[in-house]
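Text of work36.csv, listed as CSV, C-alpha atoms:
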```
chain,number,residue,atom,x,y,z
H,7,MET,CA,140.0,140.5,-202.2
H,8,SER,CA,142.4,137.7,-203.1
H,9,GLN,CA,141.3,134.2,-204.2
H,10,SER,CA,142.3,132.7,-200.9
H,11,GLY,CA,140.4,135.4,-199.0
H,12,ARG,CA,137.2,134.7,-200.9
H,13,VAL,CA,137.6,131.0,-200.3
H,14,ALA,CA,138.0,131.6,-196.6
H,15,GLN,CA,135.0,133.9,-196.5
H,16,VAL,CA,132.8,131.3,-198.3
H,17,LYS,CA,134.0,128.7,-195.9
H,18,ARG,CA,133.2,131.0,-193.0
H,19,LEU,CA,129.7,131.7,-194.3
H,20,TRP,CA,129.0,128.1,-195.1
H,21,GLY,CA,130.1,127.1,-191.5
H,22,ARG,CA,127.7,129.7,-190.1
H,23,PHE,CA,124.9,128.5,-192.3
H,24,LEU,CA,125.4,124.9,-191.1
H,25,HIS,CA,125.6,126.0,-187.5
H,26,LEU,CA,122.3,127.9,-187.9
H,27,LEU,CA,120.7,124.9,-189.6
H,28,SER,CA,121.7,122.7,-186.7
H,29,ILE,CA,120.0,125.1,-184.3
H,30,VAL,CA,116.8,124.9,-186.4
H,31,MET,CA,117.0,121.1,-186.7
H,32,LEU,CA,117.4,120.6,-182.9
H,33,VAL,CA,114.4,122.8,-182.3
H,34,ALA,CA,112.4,120.8,-184.8
H,35,VAL,CA,113.4,117.5,-183.2
H,36,SER,CA,112.5,118.8,-179.8
H,37,CYS,CA,109.1,120.0,-180.9
H,38,LEU,CA,108.3,116.8,-182.8
H,39,CYS,CA,109.3,114.6,-179.8
H,40,LEU,CA,107.3,116.7,-177.3
H,41,TRP,CA,104.3,116.6,-179.7
H,42,LEU,CA,104.5,112.8,-180.0
H,43,GLY,CA,104.8,112.5,-176.2
H,44,LEU,CA,101.7,114.6,-175.7
H,45,THR,CA,99.9,112.5,-178.3
H,46,GLN,CA,100.8,109.3,-176.5
H,47,THR,CA,99.5,110.7,-173.2
H,48,GLY,CA,96.2,111.5,-174.9
H,49,VAL,CA,96.5,115.3,-174.5
H,50,VAL,CA,96.6,116.0,-178.3
H,51,GLY,CA,95.3,114.2,-181.3
H,52,THR,CA,92.0,112.5,-181.9
H,53,HIS,CA,91.1,109.9,-179.3
H,54,GLY,CA,89.6,106.7,-180.5
H,55,THR,CA,89.8,102.9,-181.0
H,56,PHE,CA,92.1,101.2,-183.5
H,57,THR,CA,91.0,97.7,-184.8
H,58,VAL,CA,93.7,95.6,-186.3
H,59,ARG,CA,93.2,94.3,-189.9
H,60,GLU,CA,96.7,92.8,-190.4
H,61,CYS,CA,100.2,93.2,-189.1
H,62,ARG,CA,103.5,92.8,-191.0
H,63,LEU,CA,107.1,92.4,-189.9
H,64,VAL,CA,109.5,95.3,-190.7
H,65,THR,CA,113.2,94.7,-190.7
H,66,HIS,CA,115.6,97.5,-189.9
H,67,HIS,CA,119.3,97.2,-191.0
H,68,SER,CA,122.1,99.4,-189.7
H,69,THR,CA,125.8,99.3,-190.6
H,70,SER,CA,128.8,100.7,-188.7
H,71,GLY,CA,132.5,100.2,-188.6
H,72,LYS,CA,135.9,101.5,-189.6
H,73,LYS,CA,137.4,101.5,-193.0
H,74,GLY,CA,138.0,98.0,-194.2
H,75,HIS,CA,135.8,96.4,-191.5
H,76,VAL,CA,132.0,96.9,-191.6
H,77,SER,CA,129.6,95.3,-189.1
H,78,GLY,CA,125.9,95.4,-189.2
H,79,SER,CA,122.9,94.8,-187.0
H,80,THR,CA,119.4,93.9,-187.6
H,81,SER,CA,116.3,94.8,-185.6
H,82,HIS,CA,112.6,94.1,-186.1
H,83,SER,CA,109.3,95.8,-185.4
H,84,TYR,CA,105.8,95.4,-186.6
H,85,THR,CA,103.4,97.7,-188.4
H,86,CYS,CA,99.7,97.0,-188.2
H,87,THR,CA,97.1,98.4,-190.5
H,88,GLY,CA,93.4,98.7,-189.6
H,89,THR,CA,90.4,100.9,-188.8
H,90,PHE,CA,90.4,104.0,-186.6
H,91,ARG,CA,87.1,104.8,-185.0
H,92,PRO,CA,87.0,108.2,-183.2
H,93,THR,CA,85.4,108.3,-179.8
H,94,ASP,CA,83.5,111.5,-180.3
H,95,ASN,CA,82.3,110.6,-183.9
H,96,LYS,CA,83.1,114.1,-185.0
H,97,ILE,CA,85.3,112.8,-187.9
H,98,ALA,CA,84.7,109.9,-190.2
H,99,ILE,CA,85.9,106.4,-189.5
H,100,ASP,CA,89.3,105.8,-191.2
H,101,ASP,CA,89.9,102.3,-192.7
H,102,ASN,CA,93.5,103.2,-193.8
H,103,SER,CA,95.2,103.9,-190.5
H,104,PHE,CA,98.3,102.3,-189.2
H,105,MET,CA,100.4,101.8,-186.1
H,106,SER,CA,104.2,101.5,-186.5
H,107,ASP,CA,107.2,100.3,-184.4
H,108,LEU,CA,105.2,97.8,-182.4
H,109,GLU,CA,107.1,95.1,-180.5
H,110,LYS,CA,104.8,92.3,-181.6
H,111,ALA,CA,102.1,91.4,-184.1
H,112,TYR,CA,98.5,91.4,-183.0
H,113,PRO,CA,95.7,89.2,-184.3
H,114,LYS,CA,93.0,90.5,-186.6
H,115,GLY,CA,90.2,92.2,-184.7
H,116,ASN,CA,92.4,93.2,-181.7
H,117,GLN,CA,91.4,96.7,-180.4
H,118,PHE,CA,93.5,99.4,-178.7
H,119,SER,CA,92.7,102.8,-177.1
H,120,THR,CA,94.7,105.2,-179.3
H,121,GLN,CA,95.3,108.8,-180.4
H,122,ARG,CA,95.5,109.6,-184.1
H,123,THR,CA,97.6,112.3,-185.9
H,124,GLY,CA,97.1,112.1,-189.7
H,125,ALA,CA,97.0,108.5,-190.8
H,126,SER,CA,99.4,107.5,-188.0
H,127,VAL,CA,97.9,106.0,-184.8
H,128,LEU,CA,99.8,106.0,-181.5
H,129,LEU,CA,99.0,103.8,-178.5
H,130,ASN,CA,98.2,105.6,-175.2
H,131,ASN,CA,101.5,104.8,-173.6
H,132,PRO,CA,103.0,106.7,-170.7
H,133,ARG,CA,106.3,104.8,-170.9
H,134,GLU,CA,106.8,105.7,-174.6
H,135,ALA,CA,105.6,109.3,-173.8
H,136,THR,CA,108.4,109.5,-171.1
H,137,LYS,CA,111.0,108.5,-173.7
H,138,GLN,CA,109.7,111.1,-176.2
H,139,PHE,CA,109.7,113.8,-173.6
H,140,LEU,CA,113.3,112.9,-172.6
H,141,ILE,CA,114.5,113.0,-176.2
H,142,GLY,CA,112.7,116.3,-176.8
H,143,PHE,CA,114.1,118.0,-173.7
H,144,ALA,CA,117.6,116.6,-174.4
H,145,ALA,CA,117.5,118.1,-177.9
H,146,LEU,CA,116.5,121.4,-176.3
H,147,LEU,CA,119.5,121.2,-174.0
H,148,ALA,CA,121.8,120.5,-176.8
H,149,ASP,CA,120.3,123.5,-178.7
H,150,ALA,CA,121.1,125.8,-175.8
H,151,PHE,CA,124.8,125.0,-176.1
H,152,VAL,CA,124.8,125.2,-180.0
H,153,LEU,CA,123.0,128.6,-179.8
H,154,PHE,CA,125.7,129.8,-177.3
H,155,TRP,CA,128.4,128.5,-179.6
H,156,PHE,CA,126.8,130.2,-182.6
H,157,ILE,CA,126.4,133.6,-180.9
H,158,THR,CA,129.8,133.7,-179.3
H,159,ARG,CA,131.7,132.0,-182.2
H,160,LEU,CA,133.3,129.8,-179.6
H,161,ASP,CA,135.3,127.8,-182.1
H,162,LYS,CA,136.9,131.0,-183.6
H,163,ASN,CA,137.2,133.5,-180.7
H,164,GLY,CA,140.5,132.0,-179.3
H,165,MET,CA,139.1,131.8,-175.8
H,166,THR,CA,138.2,128.9,-173.5
H,167,LEU,CA,134.6,128.0,-172.8
H,168,LYS,CA,134.9,129.6,-169.3
H,169,GLU,CA,136.4,132.8,-170.7
H,170,THR,CA,133.7,133.0,-173.4
H,171,TRP,CA,131.0,132.5,-170.8
H,172,ARG,CA,132.4,135.5,-168.9
H,173,THR,CA,132.1,137.7,-172.0
H,174,THR,CA,128.3,137.2,-172.1
H,175,LYS,CA,127.8,138.9,-168.7
H,176,GLY,CA,125.3,141.8,-169.1
H,177,THR,CA,124.2,140.6,-172.6
H,178,ALA,CA,121.0,138.9,-173.7
H,179,THR,CA,122.9,135.8,-174.5
H,180,ARG,CA,123.4,134.6,-171.0
H,181,PRO,CA,119.7,134.7,-169.7
H,182,VAL,CA,118.5,133.2,-173.0
H,183,VAL,CA,120.9,130.3,-172.8
H,184,ILE,CA,120.3,129.8,-169.1
H,185,THR,CA,116.5,129.8,-169.6
H,186,ILE,CA,116.6,127.3,-172.4
H,187,ALA,CA,119.0,125.0,-170.5
H,188,ALA,CA,116.9,125.3,-167.3
H,189,VAL,CA,113.7,124.4,-169.1
H,190,ALA,CA,115.4,121.4,-170.7
H,191,LEU,CA,116.9,120.1,-167.4
H,192,VAL,CA,113.7,120.5,-165.5
H,193,GLY,CA,111.7,118.9,-168.3
H,194,MET,CA,114.1,115.9,-168.4
H,195,ALA,CA,113.9,115.5,-164.6
H,196,LEU,CA,110.1,115.7,-164.6
H,197,SER,CA,109.4,113.7,-167.8
H,198,PRO,CA,108.2,110.5,-166.0
H,199,VAL,CA,105.9,112.5,-163.7
H,200,LEU,CA,104.7,114.6,-166.6
H,201,ALA,CA,103.9,111.5,-168.7
H,202,SER,CA,102.1,109.6,-166.0
H,203,SER,CA,100.1,112.6,-164.7
H,204,LEU,CA,98.9,113.7,-168.2
H,205,SER,CA,98.0,110.0,-169.0
H,206,GLY,CA,96.1,109.7,-165.8
```
Write out the structure in this file as structure tokens.
Amino acid sequence: MSQSGRVAQVKRLWGRFLHLLSIVMLVAVSCLCLWLGLTQTGVVGTHGTFTVRECRLVTHHSTSGKKGHVSGSTSHSYTCTGTFRPTDNKIAIDDNSFMSDLEKAYPKGNQFSTQRTGASVLLNNPREATKQFLIGFAALLADAFVLFWFITRLDKNGMTLKETWRTTKGTATRPVVITIAAVALVGMALSPVLASSLSG
């Protein structure tokens, strides 16, 4: 094999690896967001009460822009540390728990009904759970398309999207992609209902 042929093969394999990695990452994002949503509805995690010890301001910086012109934006949130006391007393009281990404600071001694996963404590919040469900199912929908692209080599097969879709008739690809996309779309549509009913 010539040098140029080896380089092309390496590029092709590298592209396939990155494509496969993006499929795995989208699944991971989807699972994480759905888990966080379930935690904020109180379905998973350890239920208990969080008592604020102190809160501090956290500043987030982001930059964007074209070459030669960079603009930035700043946003703020609060992280509060304190004590988590489980409702069922099956685990020990944790004095080193924290809540992140809060919209405001809370006074010392303020108490919240929460769910804990690890050291992180999340408020029981149907609105935030809806947001997490939407992100999770949207990532799943994107994953359906990326999986279809990966299996059919859409960028290399020389066919249009419609033509490529026709080639999947009678194969396992079509029902798998349709099922994933359907679950994602139904999940997105029902996210608010799901969050409020699970929290209720």
Nearest-residue call for H:Phe156, choices H:Gln138, H:Thr179, H:Asn95, H:Thr52, using all atoms listed in the file: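 Smallest distance to H:Phe156 is found for H:Thr179.
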Nearest-residue call for H:Leu32, choices H:Met165, H:Leu146, H:Leu108, H:Cys86, using all atoms listed in the file: H:Leu146
Between atom CA of H:Val189 and atom CA of H:Ile157, distance in Å (one decimal):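 Result for atom CA of H:Val189 versus atom CA of H:Ile157: 19.6 Å, one decimal.
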Within 7 Å of H:Asn102 using only C-alpha atoms, minus same-chain residues under 2 positions, as a PyMOL selection string: chain H and resi 87-89+100+104
Given only C-alpha atoms as the counted atoms, nearest of H:Ser197, H:Thr85, H:Gln15, H:Asn116 to H:Leu140: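 So, comparing all the options, the nearest one is H:Ser197.
Neighbours of H:Met31 closer than or equal to 10 Å, with all atoms listed in the file counted and sequence neighbours fewer than 5 positions away skipped, come out as His25, Leu26, Ser36, Cys37, Ala145 and Asp149 of chain H.
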Point-to-point distance from atom CA of H:Pro198 to atom CA of H:Ala144, Å rounded to tenths: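 The value is 14.0 Å.
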Can you pull out every residue within 9 Å of H:Leu63, counting all atoms listed in the file, but drop anything in the same chain fewer than 5 positions away, and send it as a PDB file with C-alpha atoms, in the frame of the given file?
```
ATOM      1  CA  HIS H  82     112.600  94.100-186.100  1.00  0.00           C
ATOM      2  CA  SER H  83     109.300  95.800-185.400  1.00  0.00           C
ATOM      3  CA  TYR H  84     105.800  95.400-186.600  1.00  0.00           C
ATOM      4  CA  THR H  85     103.400  97.700-188.400  1.00  0.00           C
ATOM      5  CA  CYS H  86      99.700  97.000-188.200  1.00  0.00           C
ATOM      6  CA  LYS H 110     104.800  92.300-181.600  1.00  0.00           C
ATOM      7  CA  ALA H 111     102.100  91.400-184.100  1.00  0.00           C
TER       8      ALA H 111
END
```
Shell around H:Thr93 at 12 Å using only C-alpha atoms, local window under 2 positions removed, as a list in words: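 So, after excluding close chain neighbours, the residues are Gly51, Thr52, His53, Gly54, Thr55, Phe56, Phe90, Arg91, Asn95, Lys96, Ile97, Ala98, Ile99, Ser119, Thr120, Gln121 and Arg122 of chain H.
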Atom CA of H:Ala150 to atom CA of H:Ile184, distance in Å rounded to a single decimal: 7.8 Å
From H:Trp171, H:Tyr112, H:Phe154, H:Trp20, residue lying nearest H:Cys61 [all atoms listed in the file]: H:Tyr112
Residue nearest H:Ile29 - candidates H:Val183, H:Ala135, H:Leu153, H:Ala178, atoms counted: all atoms listed in the file: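 Of H:Val183, H:Ala135, H:Leu153, H:Ala178, the one nearest H:Ile29 is H:Leu153, counting all atoms listed in the file.
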Go through stretch 131-180 of chain H and flag each residue having an atom no more than 12 Å from stretch 41-49 of chain H; for those, report the closest pair of atoms plus their distance in Å to one decimal, using all atoms listed in the file, ordered by chain and rising number, as a tab-separated table.
```
residue	atom	partner	partner_atom	distance
H:Asn131	CA	H:Gln46	CA	5.4
H:Pro132	CA	H:Thr47	CA	5.9
H:Arg133	CA	H:Gln46	CA	9.0
H:Glu134	CA	H:Gln46	CA	7.3
H:Ala135	CA	H:Gly43	CA	4.1
H:Thr136	CA	H:Gly43	CA	6.9
H:Lys137	CA	H:Gly43	CA	7.8
H:Gln138	CA	H:Gly43	CA	5.1
H:Phe139	CA	H:Gly43	CA	5.7
H:Leu140	CA	H:Gly43	CA	9.2
H:Ile141	CA	H:Gly43	CA	9.7
H:Gly142	CA	H:Gly43	CA	8.8
H:Phe143	CA	H:Gly43	CA	11.1
```
Stretch 50-61 of chain H rebuilt with all heavy atoms, output as a compact mmCIF listing (two decimals), keeping the file's coordinate frame:
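To be explicit, this is the file written out as rebuild23.txt:
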```
# COMPACT_ATOMS: atom_id res chain seq x y z
N VAL H 50 96.89 115.51 -176.93
CA VAL H 50 96.60 116.00 -178.30
C VAL H 50 96.26 114.87 -179.19
O VAL H 50 96.48 113.70 -178.87
CB VAL H 50 97.80 116.83 -178.84
CG1 VAL H 50 98.11 118.03 -178.00
CG2 VAL H 50 99.03 115.94 -178.98
N GLY H 51 95.73 115.19 -180.36
CA GLY H 51 95.30 114.20 -181.30
C GLY H 51 93.85 113.81 -181.12
O GLY H 51 93.16 114.33 -180.24
N THR H 52 93.39 112.93 -181.96
CA THR H 52 92.00 112.50 -181.90
C THR H 52 91.92 111.15 -181.18
O THR H 52 92.51 110.17 -181.62
CB THR H 52 91.43 112.33 -183.34
OG1 THR H 52 91.56 113.57 -184.02
CG2 THR H 52 89.96 111.93 -183.30
N HIS H 53 91.21 111.12 -180.08
CA HIS H 53 91.10 109.90 -179.30
C HIS H 53 90.11 108.93 -179.99
O HIS H 53 89.11 109.35 -180.55
CB HIS H 53 90.62 110.19 -177.89
CG HIS H 53 90.57 108.98 -177.01
ND1 HIS H 53 91.70 108.34 -176.57
CD2 HIS H 53 89.52 108.27 -176.52
CE1 HIS H 53 91.35 107.30 -175.83
NE2 HIS H 53 90.04 107.24 -175.79
N GLY H 54 90.45 107.65 -179.92
CA GLY H 54 89.60 106.70 -180.50
C GLY H 54 90.05 105.25 -180.33
O GLY H 54 90.94 104.98 -179.52
N THR H 55 89.45 104.33 -181.09
CA THR H 55 89.80 102.90 -181.00
C THR H 55 90.35 102.43 -182.34
O THR H 55 89.77 102.72 -183.40
CB THR H 55 88.54 102.08 -180.66
OG1 THR H 55 88.00 102.57 -179.43
CG2 THR H 55 88.88 100.61 -180.52
N PHE H 56 91.47 101.74 -182.28
CA PHE H 56 92.10 101.20 -183.50
C PHE H 56 91.82 99.67 -183.49
O PHE H 56 92.10 98.97 -182.52
CB PHE H 56 93.58 101.43 -183.48
CG PHE H 56 94.31 100.87 -184.67
CD1 PHE H 56 94.30 101.52 -185.89
CD2 PHE H 56 94.99 99.67 -184.57
CE1 PHE H 56 94.97 101.00 -186.99
CE2 PHE H 56 95.67 99.13 -185.65
CZ PHE H 56 95.66 99.80 -186.87
N THR H 57 91.28 99.17 -184.60
CA THR H 57 91.00 97.70 -184.80
C THR H 57 91.96 97.17 -185.81
O THR H 57 92.00 97.67 -186.95
CB THR H 57 89.55 97.49 -185.19
OG1 THR H 57 88.68 98.11 -184.24
CG2 THR H 57 89.25 96.01 -185.26
N VAL H 58 92.72 96.17 -185.44
CA VAL H 58 93.70 95.60 -186.30
C VAL H 58 93.10 94.83 -187.48
O VAL H 58 92.19 94.03 -187.28
CB VAL H 58 94.67 94.66 -185.54
CG1 VAL H 58 95.66 93.95 -186.47
CG2 VAL H 58 95.41 95.43 -184.44
N ARG H 59 93.61 95.09 -188.69
CA ARG H 59 93.20 94.30 -189.90
C ARG H 59 94.32 93.29 -190.18
O ARG H 59 94.06 92.11 -190.37
CB ARG H 59 92.98 95.22 -191.07
CG ARG H 59 92.53 94.47 -192.32
CD ARG H 59 92.00 95.39 -193.40
NE ARG H 59 92.97 96.41 -193.79
CZ ARG H 59 92.81 97.70 -193.54
NH1 ARG H 59 91.74 98.14 -192.90
NH2 ARG H 59 93.73 98.58 -193.91
N GLU H 60 95.56 93.75 -190.21
CA GLU H 60 96.70 92.80 -190.40
C GLU H 60 97.97 93.51 -189.92
O GLU H 60 98.05 94.73 -189.84
CB GLU H 60 96.85 92.46 -191.89
CG GLU H 60 97.19 93.61 -192.80
CD GLU H 60 97.46 93.16 -194.23
OE1 GLU H 60 97.53 91.94 -194.47
OE2 GLU H 60 97.61 94.04 -195.10
N CYS H 61 98.95 92.67 -189.58
CA CYS H 61 100.20 93.20 -189.10
C CYS H 61 101.35 92.53 -189.97
O CYS H 61 101.23 91.38 -190.39
CB CYS H 61 100.48 92.83 -187.65
SG CYS H 61 99.37 93.67 -186.50
```
